[in-house]
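Structure first, then comments.
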Amino acid sequence: MDALVGAARAEGRLNATTLLRHWANYGGLIDGFTAKYGIEVVVDNPFGSSQEEIEDIKRYRGQDRAPDVLDLGDTFAQSAAREGLLATYKPEAFGRIPAEQKDAAGRWYNSYGGYVAIGCDANRVRTCPASFADLLKPEYKGMVALNGNPTTAGSAFAGVFAAALANGGSFDDIAPGVDFFARLDAAGNYNRANPNPAAIARGETPISIEWDFLNLSHTEELAGTGVDWRVAIPFDGSFSQYYAQAINKDAPHPAAARLWAEYLASPEGQNLRLVDYARPVLMENMAKNGTLDKSLASKLPTVEGTPAFPSESQLNTALQYVRQNWAKDVPAG
């Protein structure tokens with residue numbers, strides 16, 4: 001570890017991409033990493049998607065600006081691994097990450113996750129929706145936004161999967177999720193704007209389908225703006241997923257990239273996820289060994305039952321279906 005820290009400090013820089021400061025407390029993690037190791041973290045394309053991260057690896061290969069580290073939805077991490085784009089590296093905590101939450105070879109490993117949730121500005125919406133079925137009501141015309149495009153963004157893809165589960169689908173059948181958004185669009189309720197805090201404050205996206213940790217963070221980010229942001233995990237389509245960390249095989253700062261992986265998987269890094277309501281992948285293990293911040297963990301919303309996760313094959317089949325049918329069934333506005 002001392003040798004890794006020395007090599008990373010000598011490189012002096014870490015290139016990241018698509019990391020928003022309010023997303024799973026990346027602001028706190030970046031600040032903490034820089035304060036601890038004196039390494040500058042440069043974030044390119046903060047509003048990008050998982051697919052754009054993969055494209056950036058290819059576009060900037062061999063250049064100093066190429067991303068060192070990646071934050072990807074599981075489906076996209078698996079795709080990047082199959083393309084041979086990721087380095088093999090197992091941080092010290094790798095063995096404690098559940099088997100279904102990592103690539104056995106160490107090309108990617110989950111760091112944090114959450115549940116698909118529905119956020120709503122109670123000052124603009126008379127009765128906030130609590131389920132996917134509610135979202136089809138005429139009173140929500142033009143209000144319901146999805147965080148990104150499901151063909152390229154993990155958050156939006158999860159929203160479609162949750163809608164599928166709410167409408168008779170399964171991990172083997174995401175088609176009802178695409179059909180749901182087609183119906184939402186036909187009803188005039190689907191809003192194609194990006195539900196970021198600024199858009200919510202302006203009243204452009206009064207209802208948002210996105211991860212619970214993002215929706216819950218909005219309640220604090222929007223304090224004093226006149227927004228009364230409420231969050232519900234839909235009872236008819238409970239879907240949980242995690243985000244993977246990976247290292248570019250051709251990272252221009254390979255030591256800093258590996259030190260970042262160690263930091264994110266450490267108790268310090270995992271507890272920092274909780275600050276913005278993201279669920280650390282090592283949460284159960286940390287609760288057992290006494291390293292979990294119980295005060296922060298107690299603020300997470302209660303969810304019924306034990307989450308199940310689609311397999312790699314199911315995720316890939318579902319993503320392929322969405323990419324083949326989304327633009328046809330839910331065309332751009």
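Identifiers for the structure tokens are assigned positionally: chains receive A, B, ... in sequence, residues are indexed from 1 per chain, and ligands are indexed from 1 in the order shown.
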Requested in this report: Would you mind listing what lies within 8 Å of segment 238-247 of chain A as an NGL selection string, with only C-alpha atoms counted and same-chain residues fewer than 2 positions away left out?
Outcome: :A and (68-74 or 77 or 86-89 or 101-102 or 107-116 or 158 or 161-162 or 165-166 or 233-236 or 249 or 251 or 257-258 or 261 or 281 or 307-309)
Query raised in the report: Near segment 169-184 of chain A, counting only C-alpha atoms, which residues have an atom at most 9 Å away, once you skip same-chain residues fewer than 5 positions from it, shown as a PyMOL selection string?
Result: chain A and resi 132+135-136+144+159-164+189-190+309-311+314-315+317-319+321-322+325-326+329-331
Report task. Find the spatial neighbours of Phe213 of chain A, counting only C-alpha atoms, within a cut-off of 12 Å - ignore same-chain residues fewer than 2 positions away - and output them as JSON, numbers by chain. Result -> {"A": [22, 23, 24, 25, 112, 113, 114, 115, 116, 117, 118, 119, 155, 209, 210, 211, 215, 216, 217, 218, 219, 220, 231, 232, 233, 240, 241, 242, 273, 274, 275, 276, 277, 278, 279, 280, 299, 300, 301]}
Requested in this report: Write out as a list in words which residues come within 7 Å of Ala156 of chain A when counting only C-alpha atoms, dropping same-chain ones fewer than 4 positions away.
Outcome: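 Returned residues: Leu146, Asn147, Gly148, Asn149, Pro150, Val160 and Glu210 of chain A.
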Query raised in the report: Could you state the separation of atom CA of Pro46 of chain A and atom CA of Arg59 of chain A in Å, given to one decimal place?
Result: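 It comes out at 16.7 Å.
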Query raised in the report: With only C-alpha atoms as the basis for distance, which of A:Asn15, A:Thr127, A:Asn196, A:Asn285 is at the shortest distance from Ala93 of chain A?
Result: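 Smallest distance to Ala93 of chain A is found for A:Asn285.
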Closest-contact table, segment 188-268 of chain A side, partner segment 37-40 of chain A, 12 Å, counting only C-alpha atoms, as a Markdown table:
| residue | atom | partner | partner_atom | distance |
| --- | --- | --- | --- | --- |
| A:His253 | CA | A:Ile39 | CA | 10.9 |
| A:Ala255 | CA | A:Ile39 | CA | 11.1 |
| A:Ala256 | CA | A:Ile39 | CA | 7.9 |
| A:Ala257 | CA | A:Ile39 | CA | 10.7 |
| A:Leu259 | CA | A:Tyr37 | CA | 9.3 |
| A:Trp260 | CA | A:Ile39 | CA | 9.9 |
| A:Tyr263 | CA | A:Tyr37 | CA | 10.2 |
Query raised in the report: For Gln324 of chain A, which of A:Thr291, A:Asn167, A:Gln270, A:Thr151 is the closest residue, counting only C-alpha atoms?
Result: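 Answer, going by the shortest atom-to-atom distance: A:Thr151.
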Query raised in the report: Of the residues A:Ala198, A:Leu19, A:Ala187, A:Val303, which is the one nearest to Phe47 of chain A, using only C-alpha atoms?
Result: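 Result for the nearest residue to Phe47 of chain A: A:Leu19.
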